[in-house]
$ cat run_9.txt   # compact mmCIF, C-alpha atoms
# COMPACT_ATOMS: atom_id res chain seq x y z
CA MET R 17 0.00 0.00 0.00
CA ARG R 18 1.42 3.32 -1.07
CA ALA R 19 1.60 6.23 1.36
CA LYS R 20 -0.42 9.33 0.58
CA PRO R 21 1.64 12.17 -1.00
CA ASN R 22 1.09 14.46 2.05
CA GLU R 23 2.31 11.83 4.47
CA ALA R 24 5.39 11.23 2.33
CA LEU R 25 6.14 14.93 2.27
CA ALA R 26 5.71 15.19 6.03
CA ARG R 27 8.08 12.27 6.51
CA VAL R 28 10.68 13.90 4.28
CA GLU R 29 10.29 17.16 6.18
CA ARG R 30 10.71 15.39 9.52
CA LYS R 31 13.83 13.66 8.22
CA ARG R 32 15.14 16.96 6.97
CA GLU R 33 14.48 18.62 10.35
CA LYS R 34 16.20 15.77 12.15
CA TRP R 35 19.17 16.02 9.82
CA MET R 36 19.30 19.79 10.28
CA LYS R 37 19.15 19.35 14.05
CA ASN R 38 22.02 16.88 13.95
CA SER R 39 23.79 19.09 11.51
CA CYS R 40 23.34 22.10 13.84
CA SER R 41 24.89 20.24 16.73
CA SER R 42 27.80 19.08 14.57
CA VAL R 43 28.28 22.50 12.98
CA SER R 44 27.86 24.58 16.13
CA LYS R 45 31.21 23.37 17.43
CA PHE R 46 32.80 24.93 14.36
CA LEU R 47 30.69 28.07 14.33
CA GLU R 48 32.87 30.12 16.67
CA LYS R 49 36.02 28.86 15.01
CA TYR R 50 34.46 29.88 11.69
CA PHE R 51 33.60 33.30 13.09
CA ASP R 52 37.17 33.70 14.37
CA GLY R 53 38.65 32.60 11.05
CA GLU R 54 40.27 29.52 12.57
CA VAL R 55 38.62 26.72 10.58
CA THR R 56 40.21 24.47 7.99
CA ASP R 57 38.97 24.65 4.39
CA LYS R 58 36.91 21.49 4.89
CA GLU R 59 35.27 22.90 8.02
CA ARG R 60 34.57 26.19 6.31
CA ILE R 61 32.76 24.47 3.42
CA LEU R 62 30.71 22.44 5.90
CA VAL R 63 29.69 25.50 7.92
CA GLU R 64 28.87 27.65 4.91
CA ALA R 65 26.72 24.93 3.39
CA HIS R 66 24.87 24.58 6.67
CA LEU R 67 24.38 28.31 7.10
CA GLN R 68 22.52 28.54 3.79
CA ASP R 69 19.75 26.34 5.18
CA CYS R 70 19.82 27.10 8.90
CA SER R 71 18.40 30.40 10.09
CA SER R 72 19.13 29.51 13.73
CA CYS R 73 22.88 29.25 13.08
CA ARG R 74 22.77 32.41 10.97
CA HIS R 75 21.27 34.25 13.92
CA GLU R 76 23.88 32.76 16.21
CA LEU R 77 26.55 34.08 13.87
CA LYS R 78 24.87 37.47 13.78
CA SER R 79 24.82 37.62 17.58
CA LEU R 80 28.57 36.92 17.63
CA GLU R 81 29.05 39.83 15.22
CA ASP R 82 26.91 42.09 17.42
CA LEU R 83 28.94 41.20 20.48
CA LYS R 84 32.18 41.86 18.68
CA ALA R 85 30.90 45.26 17.59
CA PHE R 86 29.84 46.13 21.16
CA ILE R 87 33.26 45.24 22.50
CA ARG R 88 35.35 46.69 19.72
CA ALA R 89 33.67 49.85 18.40
CA PRO R 90 34.01 52.07 21.53
CA VAL R 91 37.66 51.04 21.82
CA GLU R 92 38.35 52.01 18.21
CA GLU R 93 36.60 55.34 18.67
CA ALA R 94 38.53 56.12 21.87
CA ALA R 95 41.88 55.20 20.26
CA GLU R 96 41.20 57.40 17.23
CA ARG R 97 40.44 60.41 19.43
CA GLU R 98 43.55 60.06 21.56
CA ASP R 99 46.72 62.11 21.28
CA PHE R 100 49.74 60.28 22.68
CA PRO R 101 52.89 62.49 22.58
CA TRP R 102 52.32 63.86 26.08
CA VAL R 103 52.05 60.29 27.38
CA TRP R 104 55.59 59.63 26.15
CA GLN R 105 56.80 62.81 27.85
CA LYS R 106 55.36 61.61 31.15
CA ILE R 107 56.99 58.19 30.73
CA GLU R 108 60.35 59.78 29.97
CA LYS R 109 60.13 62.03 33.02
CA GLU R 110 59.16 59.15 35.29
CA ILE R 111 62.05 57.00 34.07
CA ARG R 112 64.49 59.87 34.64
CA LEU R 113 63.28 60.22 38.22
CA GLN R 114 63.51 56.51 38.88
CA LYS R 115 67.09 56.08 37.63
CA LYS R 116 69.43 54.94 40.39
CA LEU R 117 71.04 57.88 42.21
CA THR R 118 74.23 58.04 44.25
CA PRO R 119 73.69 58.83 47.98
CA TRP R 120 74.80 62.44 47.43
CA GLN R 121 72.43 62.75 44.44
CA SER R 122 69.65 61.30 46.55
CA ILE R 123 70.26 63.94 49.24
CA ARG R 124 70.39 66.69 46.63
CA SER R 125 67.31 65.33 44.96
CA TRP R 126 65.57 65.24 48.33
CA LEU R 127 66.67 68.80 49.03
CA ASP R 128 65.38 69.84 45.63
CA VAL R 129 61.99 68.26 46.07
CA SER R 130 61.57 68.86 49.80
CA PRO R 131 59.14 71.73 50.27
CA LEU R 132 60.93 72.54 53.51
CA PHE R 133 64.18 73.31 51.76
CA ARG R 134 62.67 74.63 48.58
CA ARG R 135 60.89 77.37 50.51
CA ARG R 136 63.96 78.35 52.59
CA VAL R 137 61.97 78.19 55.79
CA TRP R 138 64.90 76.28 57.28
CA ILE R 139 66.89 79.48 57.86
CA PRO R 140 64.67 80.96 60.61
CA ALA R 141 64.12 77.41 61.91
CA ALA R 142 67.87 76.86 62.28
CA ALA R 143 68.36 80.29 63.89
CA THR R 144 65.63 79.53 66.42
CA ALA R 145 67.27 76.20 67.22
CA VAL R 146 70.67 77.86 67.83
CA ILE R 147 69.12 80.46 70.15
CA LEU R 148 67.25 77.79 72.09
CA LEU R 149 70.43 75.75 72.45
CA PHE R 150 72.32 78.77 73.73
CA ILE R 151 69.65 79.61 76.31
CA THR R 152 69.47 76.01 77.49
CA ALA R 153 73.25 75.83 77.86
CA GLN R 154 73.22 78.99 79.95
CA ILE R 155 70.59 77.56 82.31
CA ILE R 156 72.50 74.32 82.74
CA LEU R 157 75.87 76.02 83.29
CA ARG R 158 74.46 78.43 85.85
CA LYS R 159 73.62 75.54 88.18
CA THR R 160 77.18 74.31 88.16
CA PRO R 161 79.24 75.36 91.28
CA SER R 162 82.12 77.78 90.76
CA TYR R 163 84.61 75.24 91.96
CA PRO R 164 83.14 71.93 90.97
CA ASP R 165 86.08 69.86 92.18
CA ALA R 166 86.83 71.98 95.25
CA SER R 167 86.54 70.59 98.73
CA VAL R 168 86.87 72.27 102.09
CA VAL R 169 89.88 70.76 103.76
CA GLU R 170 89.63 72.63 107.01
CA TYR R 171 87.55 75.34 108.65
CA VAL R 172 88.73 76.97 111.85
CA GLU R 173 86.64 79.46 113.83
CA SER R 174 87.86 81.83 116.51
CA GLU R 175 86.39 84.89 118.27
CA THR R 176 88.16 87.39 115.98
CA ASP R 177 88.96 85.54 112.71
CA ASN R 178 87.79 82.51 110.80
CA VAL R 179 90.03 80.50 108.46
CA MET R 180 88.82 78.23 105.68
CA VAL R 181 91.10 76.10 103.51
CA TYR R 182 89.94 74.93 100.04
CA GLN R 183 91.83 72.54 97.89
CA LEU R 184 91.25 72.26 94.13
CA GLU R 185 92.28 69.07 92.40
CA GLU R 186 92.56 70.43 88.86
CA PRO R 187 94.54 72.71 88.73
CA ARG R 188 96.14 71.81 91.96
CA VAL R 189 95.65 75.00 93.97
CA THR R 190 95.09 75.58 97.65
CA VAL R 191 92.90 78.54 98.63
CA ILE R 192 92.99 79.87 102.17
CA TRP R 193 90.18 82.23 103.20
CA LEU R 194 90.86 84.47 106.17
CA LEU R 195 87.69 85.98 107.54
CA GLU R 196 88.36 88.96 109.81
CA GLY R 197 85.05 89.56 111.42
CA PRO R 198 81.78 89.74 109.51
CA GLU R 199 82.66 92.80 107.36
CA LYS R 200 86.26 92.07 106.32
CA GLU R 201 87.33 89.17 104.25
CA HIS R 202 90.70 88.47 102.71
CA ALA R 203 91.55 85.76 100.29
CA PRO R 204 95.29 85.31 100.38
CA THR R 205 96.63 82.82 97.87
CA MET H 19 60.32 38.80 15.29
CA ASN H 20 62.33 40.52 12.58
CA HIS H 21 65.95 41.58 12.82
CA GLU H 22 65.10 45.25 13.31
CA GLU H 23 62.81 44.51 16.23
CA THR H 24 65.36 42.16 17.79
CA ALA H 25 67.98 44.92 17.64
CA MET H 26 65.55 47.45 19.10
CA ILE H 27 64.71 45.15 22.02
CA SER H 28 68.37 44.39 22.60
CA ARG H 29 69.20 48.11 22.83
CA CYS H 30 66.32 48.64 25.21
CA GLN H 31 67.60 45.78 27.37
CA GLN H 32 70.87 47.69 27.68
CA GLY H 33 69.00 50.71 29.02
CA ASP H 34 68.71 52.72 25.79
CA GLN H 35 65.78 55.08 26.28
CA GLU H 36 65.64 55.86 22.55
CA ALA H 37 64.94 52.19 21.89
CA LEU H 38 62.07 52.35 24.37
CA LYS H 39 60.72 55.34 22.45
CA GLU H 40 60.79 53.24 19.26
CA ILE H 41 58.88 50.46 21.02
CA PHE H 42 56.42 53.04 22.32
CA ASP H 43 55.89 54.47 18.82
CA LYS H 44 55.23 51.03 17.45
CA TYR H 45 52.95 49.64 20.14
CA HIS H 46 51.33 52.43 22.14
CA LYS H 47 48.02 52.34 20.26
CA LYS H 48 47.68 48.60 20.68
CA VAL H 49 48.55 48.92 24.35
CA TYR H 50 45.95 51.65 24.75
CA ARG H 51 43.27 49.61 22.98
CA ILE H 52 43.80 46.61 25.23
CA ALA H 53 43.87 48.82 28.33
CA TYR H 54 40.76 50.71 27.24
CA GLY H 55 39.05 47.42 26.39
CA VAL H 56 39.49 46.30 29.99
CA VAL H 57 38.79 49.49 31.95
CA ARG H 58 36.67 51.38 29.38
CA GLN H 59 37.70 54.69 30.84
CA ARG H 60 40.04 57.14 29.12
CA GLU H 61 42.18 58.49 31.99
CA GLU H 62 42.65 55.10 33.51
CA ALA H 63 43.61 53.58 30.16
CA LEU H 64 46.22 56.31 29.69
CA ASP H 65 47.60 55.67 33.19
CA ILE H 66 47.92 52.00 32.27
CA VAL H 67 49.81 52.86 29.05
CA GLN H 68 52.24 54.94 31.09
CA GLU H 69 52.67 52.27 33.77
CA VAL H 70 53.19 49.50 31.20
CA PHE H 71 56.04 51.25 29.37
CA ILE H 72 57.79 52.15 32.63
CA LYS H 73 57.44 48.54 33.78
CA LEU H 74 58.66 47.35 30.41
CA PHE H 75 61.81 49.46 30.63
CA ARG H 76 62.58 48.02 34.06
CA SER H 77 61.79 44.40 33.23
CA ILE H 78 62.67 43.99 29.54
CA LYS H 79 65.90 42.28 30.62
CA ASN H 80 63.73 39.31 31.58
CA PHE H 81 62.52 38.90 28.01
CA LYS H 82 64.51 35.96 26.59
CA GLY H 83 63.00 35.95 23.12
CA ARG H 84 61.33 32.54 23.53
CA SER H 85 57.98 34.02 22.50
CA GLN H 86 56.95 36.88 20.27
CA PHE H 87 57.73 40.23 21.84
CA TYR H 88 54.20 41.55 21.34
CA THR H 89 52.66 38.59 23.17
CA TYR H 90 55.05 39.31 26.06
CA LEU H 91 53.99 42.96 25.98
CA TYR H 92 50.28 42.17 25.64
CA ARG H 93 50.43 39.89 28.64
CA MET H 94 52.00 42.68 30.66
CA VAL H 95 49.30 45.11 29.51
CA MET H 96 46.52 42.71 30.31
CA ASN H 97 47.83 41.96 33.80
CA THR H 98 48.31 45.66 34.57
CA ALA H 99 44.87 46.56 33.23
CA ILE H 100 43.14 43.78 35.16
CA ASP H 101 44.93 44.90 38.35
CA HIS H 102 43.68 48.44 37.74
CA ALA H 103 40.16 47.20 37.07
CA ARG H 104 40.24 45.18 40.30
CA LYS H 105 41.36 48.20 42.31
CA THR H 106 38.75 50.52 40.87
CA GLY H 107 36.07 47.88 40.25
CA LYS H 108 34.51 48.35 43.66
CA GLN H 109 34.04 52.03 43.00
CA PHE H 110 32.24 51.37 39.74
CA ILE H 111 28.52 51.46 40.22
CA SER H 112 26.60 51.52 37.03
CA SER H 113 23.13 52.92 36.98
CA LEU H 114 22.30 50.16 34.53
CA ASP H 115 23.72 47.45 36.69
CA GLU H 116 20.35 45.89 37.30
CA GLU H 117 19.36 43.72 34.42
CA GLY H 118 16.21 44.79 32.66
CA SER H 119 16.32 48.34 33.98
CA PHE H 120 16.62 49.68 30.48
CA GLU H 121 13.84 49.39 27.94
CA PRO H 122 15.11 50.10 24.44
CA SER H 123 13.01 52.54 22.53
CA ASP H 124 11.78 51.87 18.99
CA ASN H 125 12.38 55.46 18.09
CA ILE H 126 16.17 55.44 17.93
CA GLU H 127 16.56 57.70 14.93
CA LYS H 128 16.28 60.92 17.00
CA GLY H 129 19.73 62.41 17.55
CA PRO H 130 19.93 63.11 21.30
CA GLU H 131 17.96 59.99 22.14
CA ARG H 132 20.23 57.90 20.00
CA ILE H 133 23.29 59.38 21.65
CA LEU H 134 21.77 58.65 25.03
CA LEU H 135 21.00 55.09 24.01
CA GLN H 136 24.51 54.63 22.76
CA LYS H 137 25.89 55.91 26.07
CA GLU H 138 23.59 53.57 27.92
CA LEU H 139 24.67 50.69 25.75
CA GLU H 140 28.32 51.47 26.42
CA GLU H 141 27.63 51.50 30.14
CA ARG H 142 25.76 48.23 29.88
CA VAL H 143 28.59 46.63 27.91
CA LYS H 144 31.10 47.92 30.47
CA SER H 145 29.02 46.55 33.31
CA ALA H 146 28.62 43.20 31.53
CA MET H 147 32.35 42.96 30.81
CA ASN H 148 33.09 43.68 34.46
CA LYS H 149 30.98 40.68 35.42
CA LEU H 150 33.13 38.28 33.41
CA PRO H 151 36.01 36.39 35.00
CA ALA H 152 39.31 38.10 34.14
CA GLU H 153 40.48 35.26 31.85
CA GLN H 154 37.31 35.35 29.74
CA LYS H 155 37.44 39.13 29.53
CA ALA H 156 41.08 38.97 28.43
CA ALA H 157 40.29 36.36 25.78
CA LEU H 158 37.46 38.46 24.34
CA ILE H 159 39.60 41.59 24.18
CA PHE H 160 42.56 39.81 22.61
CA ARG H 161 40.29 38.25 20.02
CA ASP H 162 37.60 40.83 19.29
CA VAL H 163 39.62 44.02 19.81
CA GLU H 164 43.14 43.04 18.78
CA GLY H 165 42.23 40.19 16.45
CA LEU H 166 44.89 37.82 17.78
CA SER H 167 44.83 34.24 16.54
CA TYR H 168 44.18 31.39 18.96
CA GLN H 169 47.87 30.54 18.87
CA GLU H 170 48.91 34.13 19.71
CA MET H 171 46.31 34.28 22.46
CA ALA H 172 47.57 31.02 23.94
CA GLU H 173 51.08 32.50 24.00
CA ALA H 174 49.94 35.79 25.55
CA MET H 175 47.76 34.08 28.15
CA GLY H 176 50.16 31.24 28.90
CA CYS H 177 47.63 28.47 28.24
CA SER H 178 46.63 25.94 25.59
CA ILE H 179 44.57 26.69 22.47
CA GLY H 180 41.79 24.53 23.88
CA THR H 181 41.67 26.73 26.99
CA VAL H 182 41.59 29.84 24.81
CA MET H 183 38.58 28.46 22.89
CA SER H 184 36.83 27.52 26.08
CA ARG H 185 37.36 30.98 27.60
CA LEU H 186 36.09 32.64 24.45
CA HIS H 187 33.04 30.40 24.29
CA TYR H 188 31.96 30.86 27.90
CA GLY H 189 32.74 34.57 27.82
CA ARG H 190 30.58 35.05 24.76
CA LYS H 191 27.73 32.99 26.18
CA ARG H 192 27.76 35.04 29.38
CA LEU H 193 27.86 38.31 27.46
CA GLN H 194 24.97 37.19 25.27
CA GLU H 195 22.93 36.57 28.40
CA LEU H 196 23.86 39.90 29.97
CA LEU H 197 23.23 41.86 26.77
CA LYS H 198 20.25 39.91 25.57
CA ASP H 199 18.27 43.10 24.99
CA TYR H 200 20.74 44.17 22.34
CA VAL H 201 22.18 41.03 20.82
CA ASP H 202 20.48 39.47 17.80
CA LEU H 203 19.77 36.06 19.26
CA HIS H 204 16.64 35.21 17.31
CA GLY H 205 16.78 37.54 14.37
CA GLN H 206 15.16 40.38 16.32
CA SER H 207 17.75 42.91 17.24
CA ARG H 208 15.94 45.29 19.60
CA GLY H 209 18.52 47.68 20.87
CA PRO H 210 20.75 50.33 19.40
CA SER H 211 22.93 47.64 17.88
CA LYS H 212 21.13 48.18 14.59
CA GLY H 213 22.18 51.74 14.34
CA SER H 214 25.01 52.58 16.66
CA TYR H 215 27.85 50.26 15.77
CA GLU H 216 26.69 48.82 12.47
CA GLY H 217 29.26 48.68 9.73
CA LYS H 218 32.25 49.15 12.02
CA THR H 219 33.34 45.55 12.23
$ encode --input "run_9.txt" --output "structure tokens"
Amino acid sequence: MRAKPNEALARVERKREKWMKNSCSSVSKFLEKYFDGEVTDKERILVEAHLQDCSSCRHELKSLEDLKAFIRAPVEEAAEREDFPWVWQKIEKEIRLQKKLTPWQSIRSWLDVSPLFRRRVWIPAAATAVILLFITAQIILRKTPSYPDASVVEYVESETDNVMVYQLEEPRVTVIWLLEGPEKEHAPT
Amino acid sequence: MNHEETAMISRCQQGDQEALKEIFDKYHKKVYRIAYGVVRQREEALDIVQEVFIKLFRSIKNFKGRSQFYTYLYRMVMNTAIDHARKTGKQFISSLDEEGSFEPSDNIEKGPERILLQKELEERVKSAMNKLPAEQKAALIFRDVEGLSYQEMAEAMGCSIGTVMSRLHYGRKRLQELLKDYVDLHGQSRGPSKGSYEGKT
């Protein structure tokens, strides 16, 4: 019994759909490679033949193109607008600064870039420091006894005169104080 | 690598700043494009260009010539750019970060509206790219911006060709999802893709 023409056509169509489906799955693994220009000649022929019949794969290819355009176009536009010479100048300057310096050059470079030294505020600062040092030294020295290494060897009191003997170690000097009453004092050496 | 380039690199390795200038003249646009592709922001991309060439001058002695010089340079650019993007990524808050917050208009022929849509699309693309893992993002930029072959990409990324293909595939799938309003998935391109970037590929 022969099949009706419509049934035969439907069967052919189903077979074709099944083949296309299989073909899609076998071609899809090459589709990105095809898009990226990485297929062999044989693969390219296979993909192009499939694309003629398969709208789904054509749309997939179109979506890859869209994505590429989204990623690439703003980058191209930005690069075209850009002017680069000043970028090189900045690179050159940075490299110059980073070159290894001797210790003396480092100090000089620090002095050059230090705002403290560049503005010469160090002069009054140094003057203030010297004055403060001087004042401090004066205060400290004032507390020191006149004869730091002196010691009283003997002190003799009487009704009329008092005698006091000092001895200095460095220089080796002996000082004898003769006290004649409260008003008169002699310091014979 | 031709003889001229080999000589130029060799001089640069000896500390010749003029040689660095020659390398800069030859590659600065490519470096900028990769950097811009990652960060999508002018000032930051320029900072990256500057940083890359300073780094290159310091580290070019480590280049042994086992790979192509440009793949060595591109890897350096990509790593620097991704570091920058990581540092500034947290500060980036796109107003279009929420998926579906933008409804494309049918009337895209009007000038100001079209410009606005294009800006919005750029922001959306930037946001989508920021959501990709760094390796997938790098693969897409190397391929779709710089047009490197799989072999060159494998060299620049230090991986196999199979890994390159896998990164490209998953990166593209993810971007298609994130930009589904604009990408022609079923023959119905809805967004500004029809008008804004057509004919530039």
$ residues_around --input "run_9.txt" --residues "stretch 62-78 of chain H" --least-positions-apart "3" --cutoff "6 Å" --atoms "all atoms listed in the file" --output "PyMOL selection string"
(chain R and resi 107) or (chain H and resi 31+50+53-54+59+81)
$ interface_residues --input "run_9.txt" --of "chain R" --to "chain H" --cutoff "7 Å" --atoms "all atoms listed in the file" --output "ChimeraX atom specification"
/R:75-76,78-79,82-89,91,95,103,107,111
$ atom_distance --input "run_9.txt" --atom1 "atom CA of H:Arg185" --atom2 "atom CA of H:Ala157"
6.4 Å
$ closest_residue --input "run_9.txt" --among "H:Thr24, H:Thr98, H:Gln32, H:Thr106" --to "H:Lys79" --atoms "all atoms listed in the file"
H:Gln32
$ atom_distance --input "run_9.txt" --atom1 "atom CA of H:Met175" --atom2 "atom CA of H:Arg93"
6.4 Å
$ atom_distance --input "run_9.txt" --atom1 "atom CA of R:Glu196" --atom2 "atom CA of R:Val181"
14.6 Å
$ residues_around --input "run_9.txt" --residues "H:Leu91" --least-positions-apart "2" --cutoff "9 Å" --atoms "all atoms listed in the file" --output "list in words"
Tyr45, Val49, Val70, Leu74, Gln86, Phe87, Tyr88, Thr89, Arg93, Met94, Val95, Met96 and Ala174 of chain H
$ axis_aligned_box --input "run_9.txt" --around "stretch 129-135 of chain H" --padding-each-side "5 Å" --output "JSON"
{"center_x": 20.6, "center_y": 59.1, "center_z": 21.3, "size_x": 15.3, "size_y": 18.0, "size_z": 17.5}
$ closest_residue --input "run_9.txt" --among "H:Glu173, H:Glu153, H:Glu22, H:Glu195" --to "H:Ile41" --atoms "all atoms listed in the file"
H:Glu22
$ residues_around --input "run_9.txt" --residues "R:Tyr50" --least-positions-apart "4" --cutoff "10 Å" --atoms "only C-alpha atoms" --output "ChimeraX atom specification"
/R:43-46,54-56,59-60,63-64,77
$ decode --input "run_9.txt" --residues "stretch 67-78 of chain R" --atoms "N, CA, C and O atoms" --output "mmCIF file, in the first residue's frame"
data_model
loop_
_atom_site.group_PDB
_atom_site.id
_atom_site.type_symbol
_atom_site.label_atom_id
_atom_site.label_comp_id
_atom_site.auth_asym_id
_atom_site.auth_seq_id
_atom_site.Cartn_x
_atom_site.Cartn_y
_atom_site.Cartn_z
ATOM 1 N N LEU R 67 24.940 26.976 6.836
ATOM 2 C CA LEU R 67 24.377 28.312 7.096
ATOM 3 C C LEU R 67 23.330 28.705 6.047
ATOM 4 O O LEU R 67 22.382 29.426 6.347
ATOM 5 N N GLN R 68 23.480 28.196 4.842
ATOM 6 C CA GLN R 68 22.516 28.542 3.789
ATOM 7 C C GLN R 68 21.117 28.052 4.146
ATOM 8 O O GLN R 68 20.125 28.687 3.804
ATOM 9 N N ASP R 69 21.054 26.941 4.858
ATOM 10 C CA ASP R 69 19.747 26.341 5.180
ATOM 11 C C ASP R 69 19.277 26.622 6.600
ATOM 12 O O ASP R 69 18.113 26.425 6.903
ATOM 13 N N CYS R 70 20.182 27.041 7.477
ATOM 14 C CA CYS R 70 19.819 27.102 8.901
ATOM 15 C C CYS R 70 19.763 28.540 9.418
ATOM 16 O O CYS R 70 20.800 29.183 9.633
ATOM 17 N N SER R 71 18.554 29.007 9.618
ATOM 18 C CA SER R 71 18.398 30.399 10.088
ATOM 19 C C SER R 71 18.881 30.532 11.538
ATOM 20 O O SER R 71 19.409 31.571 11.929
ATOM 21 N N SER R 72 18.714 29.463 12.322
ATOM 22 C CA SER R 72 19.128 29.508 13.732
ATOM 23 C C SER R 72 20.641 29.765 13.840
ATOM 24 O O SER R 72 21.087 30.600 14.635
ATOM 25 N N CYS R 73 21.427 29.053 13.030
ATOM 26 C CA CYS R 73 22.882 29.249 13.078
ATOM 27 C C CYS R 73 23.273 30.607 12.488
ATOM 28 O O CYS R 73 24.262 31.208 12.928
ATOM 29 N N ARG R 74 22.488 31.064 11.514
ATOM 30 C CA ARG R 74 22.774 32.406 10.967
ATOM 31 C C ARG R 74 22.584 33.465 12.053
ATOM 32 O O ARG R 74 23.352 34.405 12.167
ATOM 33 N N HIS R 75 21.518 33.286 12.829
ATOM 34 C CA HIS R 75 21.269 34.249 13.919
ATOM 35 C C HIS R 75 22.347 34.152 14.998
ATOM 36 O O HIS R 75 22.749 35.167 15.574
ATOM 37 N N GLU R 76 22.797 32.939 15.232
ATOM 38 C CA GLU R 76 23.879 32.760 16.209
ATOM 39 C C GLU R 76 25.135 33.503 15.737
ATOM 40 O O GLU R 76 25.799 34.204 16.514
ATOM 41 N N LEU R 77 25.393 33.381 14.450
ATOM 42 C CA LEU R 77 26.554 34.075 13.870
ATOM 43 C C LEU R 77 26.381 35.592 13.965
ATOM 44 O O LEU R 77 27.321 36.318 14.290
ATOM 45 N N LYS R 78 25.146 36.032 13.708
ATOM 46 C CA LYS R 78 24.869 37.469 13.780
ATOM 47 C C LYS R 78 25.074 37.977 15.212
ATOM 48 O O LYS R 78 25.579 39.090 15.428
#
